[in-house]
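Trainee: I am attaching a structure below and will ask some questions about it afterwards.
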Amino acid sequence: MIAYSTLGVDDMDRAIRFYDAAFAPLGAVRRETSPTWTGYEREGERARFFLTRPFDREPATYGNGTMLAFQAPDRAAVDAFHAAALAAGGACEGPPGVREGMNPVFYAAYVRDCDGNKLCAFVRK
């Protein structure tokens with residue numbers, strides 16, 4: 001249903017370092033980079049993810065209650081996403097683990113990127 005998503009960033013080089021590292025365990029790779037935006041995708045999937053400098057030239061902001069979630073192939077990839085995101089300057093919003101009350105089992109980790117955007121990597125098994 002979603003064709004692409006964008007998140008605003010203030011420092012594209014810093015954001016690229018963060019997302020290159022955080023997305024590697026999830027199989028997403030950077031495909032395009034320009035002075036104002038950078039695109040990521042996973043082989044065989046049509047949905048795309050973009051980082052962009054806000055077109056109104058105002059500082060990038062994050063939304064309260066807004067989060068993007070990325071499907072992982074397995075729990076090890078969720079763990080690796082979380083570790084890579086923290087090592088690349090992100091902040092922990094919830095360590096990897098089973099989230100209670102979900103069926104099938106929902107294993108997830110939550111981080112904030114360097115611009116404060118909340119992200120989740122998860123697997124349901």
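Labels used: A, B, ... for chains in the order of the structure tokens, numbers from 1 for residues in each chain, and numbers from 1 for ligands as shown.
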Compile the contact shell of Arg99 (chain A) as a list in words: residues with an atom at most 10 Å away, counting only C-alpha atoms, same-chain residues fewer than 4 positions apart removed.

Mentor: Asn103, Val105, Phe106, Tyr107, Ala108 and Ala109 of chain A

Trainee: Kindly save the residues from that selection, with all heavy atoms included, as a CSV table (one decimal), in the first residue's frame.

Mentor:
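Resulting contents of out_32.csv:
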```csv
chain,number,residue,atom,x,y,z
A,103,ASN,N,0.2,-11.8,19.0
A,103,ASN,CA,0.1,-13.2,18.4
A,103,ASN,C,0.0,-13.0,16.9
A,103,ASN,O,-1.0,-12.5,16.4
A,103,ASN,CB,-1.0,-13.9,19.0
A,103,ASN,CG,-1.1,-15.4,18.6
A,103,ASN,OD1,-0.1,-15.9,18.1
A,103,ASN,ND2,-2.2,-16.0,18.8
A,105,VAL,N,4.1,-14.1,17.8
A,105,VAL,CA,5.1,-13.4,18.6
A,105,VAL,C,5.7,-12.3,17.8
A,105,VAL,O,6.1,-12.4,16.6
A,105,VAL,CB,6.2,-14.4,19.0
A,105,VAL,CG1,7.3,-13.7,19.8
A,105,VAL,CG2,5.5,-15.5,19.9
A,106,PHE,N,5.8,-11.1,18.5
A,106,PHE,CA,6.3,-9.9,17.9
A,106,PHE,C,7.7,-9.6,18.6
A,106,PHE,O,7.7,-9.3,19.8
A,106,PHE,CB,5.3,-8.8,18.1
A,106,PHE,CG,5.7,-7.5,17.4
A,106,PHE,CD1,5.5,-7.4,16.0
A,106,PHE,CD2,6.2,-6.4,18.1
A,106,PHE,CE1,5.7,-6.2,15.3
A,106,PHE,CE2,6.4,-5.2,17.4
A,106,PHE,CZ,6.2,-5.1,16.0
A,107,TYR,N,8.8,-9.7,17.8
A,107,TYR,CA,10.1,-9.4,18.4
A,107,TYR,C,10.6,-8.2,17.7
A,107,TYR,O,10.6,-8.0,16.5
A,107,TYR,CB,11.1,-10.6,18.0
A,107,TYR,CG,12.4,-10.5,18.6
A,107,TYR,CD1,12.7,-11.0,19.9
A,107,TYR,CD2,13.5,-9.9,18.0
A,107,TYR,CE1,13.9,-10.9,20.5
A,107,TYR,CE2,14.7,-9.8,18.5
A,107,TYR,CZ,15.0,-10.3,19.8
A,107,TYR,OH,16.2,-10.2,20.4
A,108,ALA,N,10.9,-7.1,18.5
A,108,ALA,CA,11.2,-5.8,17.9
A,108,ALA,C,12.2,-5.1,18.7
A,108,ALA,O,12.5,-5.4,19.9
A,108,ALA,CB,9.9,-5.0,17.9
A,109,ALA,N,12.8,-4.1,18.1
A,109,ALA,CA,13.7,-3.1,18.7
A,109,ALA,C,13.4,-1.8,18.2
A,109,ALA,O,13.0,-1.6,17.1
A,109,ALA,CB,15.2,-3.5,18.4
```

Trainee: Please provide as a list in words all residues within 6 Å of region 3-17 of chain A, with the sequence filter that same-chain residues fewer than 4 positions apart are discarded (counting only C-alpha atoms).

Mentor: Ala47, Arg48, Phe49, Phe50, Leu51, Thr52, Arg53, Pro54 and Ala60 of chain A

Trainee: At what distance in Å, to one decimal, does CA of Pro104 (chain A) lie from CA of Thr66 (chain A)?

Mentor: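 Interatomic distance here is 23.6 Å.
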
Trainee: Please return, as a list in words, all residues of chain A that DSSP assigns to alpha helix (DSSP H) on the basis of the backbone.

Mentor: Met12, Asp13, Arg14, Ala15, Ile16, Arg17, Phe18, Tyr19, Asp20, Ala21, Ala22, Phe23, Arg75, Ala76, Ala77, Val78, Asp79, Ala80, Phe81, His82, Ala83, Ala84, Ala85, Leu86 and Ala87 of chain A

Trainee: Counting only C-alpha atoms, which of A:Arg42, A:Leu86, A:Val123, A:Cys114 gets nearest to Tyr62 (chain A)?

Mentor: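 Distance minimum relative to Tyr62 (chain A) lands on A:Cys114.
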
Trainee: Report as a PyMOL selection string: the residues of region 1-122 of chain A with a DSSP assignment of strand (DSSP E), based on the backbone of this structure.

Mentor: chain A and resi 4-8+28-33+37-42+48-52+67-71+91-99+106-112+118-122

Trainee: Take the selection from the previous step and output its residues with N, CA and C atoms, as a compact mmCIF listing (two decimals), in the first residue's frame.

Mentor:
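Writing the result to result.txt gives the following:
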```txt
# COMPACT_ATOMS: atom_id res chain seq x y z
N TYR A 4 6.35 4.78 -1.06
CA TYR A 4 7.61 5.26 -0.49
C TYR A 4 7.33 6.09 0.75
N SER A 5 8.36 6.23 1.57
CA SER A 5 8.31 7.03 2.79
C SER A 5 9.50 7.96 2.78
N THR A 6 9.36 9.12 3.39
CA THR A 6 10.47 10.06 3.52
C THR A 6 10.59 10.51 4.97
N LEU A 7 11.82 10.78 5.37
CA LEU A 7 12.10 11.40 6.65
C LEU A 7 13.02 12.58 6.39
N GLY A 8 12.73 13.69 7.03
CA GLY A 8 13.58 14.86 6.90
C GLY A 8 14.83 14.73 7.76
N ALA A 28 18.48 -3.74 3.33
CA ALA A 28 18.19 -2.54 2.55
C ALA A 28 19.49 -1.83 2.21
N VAL A 29 19.60 -1.39 0.97
CA VAL A 29 20.82 -0.73 0.53
C VAL A 29 20.51 0.62 -0.11
N ARG A 30 21.49 1.48 -0.02
CA ARG A 30 21.36 2.81 -0.63
C ARG A 30 21.52 2.66 -2.13
N ARG A 31 20.55 3.18 -2.88
CA ARG A 31 20.57 3.08 -4.33
C ARG A 31 20.83 4.41 -5.01
N GLU A 32 20.44 5.50 -4.36
CA GLU A 32 20.57 6.81 -4.99
C GLU A 32 20.96 7.85 -3.95
N THR A 33 21.80 8.77 -4.36
CA THR A 33 22.17 9.89 -3.50
C THR A 33 22.24 11.14 -4.36
N TRP A 37 18.47 14.47 -1.48
CA TRP A 37 17.79 13.27 -1.02
C TRP A 37 18.64 12.03 -1.26
N THR A 38 18.32 10.98 -0.50
CA THR A 38 19.00 9.70 -0.60
C THR A 38 17.95 8.60 -0.52
N GLY A 39 18.04 7.60 -1.41
CA GLY A 39 17.03 6.54 -1.45
C GLY A 39 17.57 5.17 -1.12
N TYR A 40 16.78 4.39 -0.39
CA TYR A 40 17.11 3.02 -0.01
C TYR A 40 16.01 2.08 -0.48
N GLU A 41 16.40 0.84 -0.76
CA GLU A 41 15.42 -0.18 -1.10
C GLU A 41 15.98 -1.56 -0.78
N ARG A 42 15.07 -2.53 -0.78
CA ARG A 42 15.44 -3.93 -0.60
C ARG A 42 15.16 -4.65 -1.91
N ARG A 48 10.03 2.11 -1.37
CA ARG A 48 11.32 2.80 -1.24
C ARG A 48 11.29 3.66 0.02
N PHE A 49 12.46 3.99 0.51
CA PHE A 49 12.61 4.84 1.68
C PHE A 49 13.60 5.94 1.31
N PHE A 50 13.23 7.19 1.61
CA PHE A 50 14.08 8.32 1.26
C PHE A 50 14.37 9.20 2.47
N LEU A 51 15.60 9.70 2.50
CA LEU A 51 15.99 10.78 3.40
C LEU A 51 15.96 12.04 2.56
N THR A 52 15.50 13.14 3.13
CA THR A 52 15.45 14.37 2.36
C THR A 52 15.70 15.58 3.24
N MET A 67 6.20 6.88 13.73
CA MET A 67 7.26 5.88 13.73
C MET A 67 7.20 5.12 12.41
N LEU A 68 8.34 4.74 11.89
CA LEU A 68 8.41 3.85 10.75
C LEU A 68 8.95 2.51 11.23
N ALA A 69 8.31 1.43 10.77
CA ALA A 69 8.73 0.08 11.16
C ALA A 69 9.20 -0.67 9.93
N PHE A 70 10.30 -1.40 10.09
CA PHE A 70 10.92 -2.13 8.99
C PHE A 70 10.96 -3.60 9.34
N GLN A 71 10.46 -4.43 8.45
CA GLN A 71 10.43 -5.87 8.67
C GLN A 71 11.83 -6.46 8.53
N ALA A 91 19.76 6.52 19.33
CA ALA A 91 19.42 6.37 20.74
C ALA A 91 18.41 5.24 20.90
N CYS A 92 18.55 4.48 21.97
CA CYS A 92 17.65 3.36 22.23
C CYS A 92 16.29 3.86 22.70
N GLU A 93 15.24 3.33 22.10
CA GLU A 93 13.86 3.61 22.51
C GLU A 93 13.18 2.34 23.00
N GLY A 94 13.92 1.24 23.00
CA GLY A 94 13.40 -0.05 23.45
C GLY A 94 14.30 -1.14 22.92
N PRO A 95 14.99 -1.87 23.80
CA PRO A 95 15.94 -2.88 23.34
C PRO A 95 15.24 -4.05 22.65
N PRO A 96 15.99 -4.85 21.90
CA PRO A 96 15.40 -6.00 21.24
C PRO A 96 14.75 -6.95 22.24
N GLY A 97 13.59 -7.44 21.87
CA GLY A 97 12.91 -8.40 22.72
C GLY A 97 11.49 -8.67 22.26
N VAL A 98 10.88 -9.68 22.88
CA VAL A 98 9.50 -10.04 22.59
C VAL A 98 8.60 -8.99 23.23
N ARG A 99 7.63 -8.53 22.47
CA ARG A 99 6.64 -7.60 23.00
C ARG A 99 5.41 -8.42 23.38
N PHE A 106 5.81 -11.14 18.45
CA PHE A 106 6.35 -9.91 17.86
C PHE A 106 7.66 -9.60 18.56
N TYR A 107 8.77 -9.72 17.83
CA TYR A 107 10.11 -9.44 18.36
C TYR A 107 10.57 -8.15 17.70
N ALA A 108 10.90 -7.14 18.51
CA ALA A 108 11.19 -5.82 17.95
C ALA A 108 12.25 -5.08 18.74
N ALA A 109 12.82 -4.08 18.10
CA ALA A 109 13.74 -3.13 18.73
C ALA A 109 13.38 -1.75 18.21
N TYR A 110 13.54 -0.75 19.07
CA TYR A 110 13.18 0.62 18.73
C TYR A 110 14.36 1.55 18.95
N VAL A 111 14.57 2.46 18.00
CA VAL A 111 15.65 3.45 18.10
C VAL A 111 15.16 4.81 17.60
N ARG A 112 15.92 5.82 17.92
CA ARG A 112 15.76 7.15 17.33
C ARG A 112 17.01 7.41 16.49
N LYS A 118 11.72 8.18 15.12
CA LYS A 118 11.61 6.88 15.76
C LYS A 118 11.46 5.78 14.71
N LEU A 119 12.26 4.72 14.87
CA LEU A 119 12.29 3.59 13.95
C LEU A 119 12.13 2.29 14.73
N CYS A 120 11.59 1.30 14.06
CA CYS A 120 11.45 -0.03 14.63
C CYS A 120 11.90 -1.06 13.61
N ALA A 121 12.59 -2.08 14.05
CA ALA A 121 12.84 -3.27 13.24
C ALA A 121 12.15 -4.41 13.97
N PHE A 122 11.44 -5.26 13.21
CA PHE A 122 10.68 -6.31 13.86
C PHE A 122 10.58 -7.57 13.00
```

Trainee: Just checking: using only C-alpha atoms, which residue out of A:Ile2, A:Asn117, A:Arg124, A:Glu100 ends up closest to Arg46 (chain A)?

Mentor: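 Result for the nearest residue to Arg46 (chain A): A:Ile2.
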
Trainee: Restricting the calculation to only C-alpha atoms: of A:Gly27, A:Asp115, A:Glu43, A:Ala21, which residue gets closest to Ala87 (chain A)?

Mentor: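 Smallest separation from Ala87 (chain A) among the options: A:Ala21.
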
Trainee: Could you give me, as a PyMOL selection string, the residues within 9 Å of Ala24 (chain A), counting only C-alpha atoms and dropping anything in the same chain fewer than 4 positions from it?

Mentor: chain A and resi 19-20+28-29+77+80-81+84

Trainee: Can you write out the residues you just picked, keeping N, CA, C and O atoms, as a PDB file, in the first residue's frame?

Mentor:
```
ATOM      1  N   TYR A  19      21.936   5.392   8.433  1.00  0.00           N
ATOM      2  CA  TYR A  19      21.040   4.474   7.727  1.00  0.00           C
ATOM      3  C   TYR A  19      21.794   3.380   6.970  1.00  0.00           C
ATOM      4  O   TYR A  19      21.300   2.249   6.885  1.00  0.00           O
ATOM      5  N   ASP A  20      22.956   3.673   6.439  1.00  0.00           N
ATOM      6  CA  ASP A  20      23.760   2.606   5.826  1.00  0.00           C
ATOM      7  C   ASP A  20      24.024   1.505   6.854  1.00  0.00           C
ATOM      8  O   ASP A  20      23.885   0.313   6.568  1.00  0.00           O
ATOM      9  N   ALA A  28      18.485  -3.744   3.334  1.00  0.00           N
ATOM     10  CA  ALA A  28      18.185  -2.538   2.554  1.00  0.00           C
ATOM     11  C   ALA A  28      19.493  -1.835   2.208  1.00  0.00           C
ATOM     12  O   ALA A  28      20.383  -1.717   3.050  1.00  0.00           O
ATOM     13  N   VAL A  29      19.596  -1.388   0.968  1.00  0.00           N
ATOM     14  CA  VAL A  29      20.824  -0.726   0.526  1.00  0.00           C
ATOM     15  C   VAL A  29      20.510   0.619  -0.106  1.00  0.00           C
ATOM     16  O   VAL A  29      19.429   0.839  -0.649  1.00  0.00           O
ATOM     17  N   ALA A  77      18.683 -10.302  12.899  1.00  0.00           N
ATOM     18  CA  ALA A  77      18.713  -9.051  12.133  1.00  0.00           C
ATOM     19  C   ALA A  77      18.158  -7.894  12.965  1.00  0.00           C
ATOM     20  O   ALA A  77      18.663  -6.768  12.885  1.00  0.00           O
ATOM     21  N   ALA A  80      20.934  -6.983  15.298  1.00  0.00           N
ATOM     22  CA  ALA A  80      22.011  -6.300  14.568  1.00  0.00           C
ATOM     23  C   ALA A  80      21.603  -4.886  14.174  1.00  0.00           C
ATOM     24  O   ALA A  80      22.417  -3.954  14.231  1.00  0.00           O
ATOM     25  N   PHE A  81      20.342  -4.694  13.763  1.00  0.00           N
ATOM     26  CA  PHE A  81      19.821  -3.356  13.457  1.00  0.00           C
ATOM     27  C   PHE A  81      19.984  -2.443  14.672  1.00  0.00           C
ATOM     28  O   PHE A  81      20.491  -1.327  14.570  1.00  0.00           O
ATOM     29  N   ALA A  84      23.708  -1.714  15.418  1.00  0.00           N
ATOM     30  CA  ALA A  84      24.288  -0.835  14.398  1.00  0.00           C
ATOM     31  C   ALA A  84      23.754   0.578  14.531  1.00  0.00           C
ATOM     32  O   ALA A  84      24.503   1.556  14.384  1.00  0.00           O
TER      33      ALA A  84
END
```
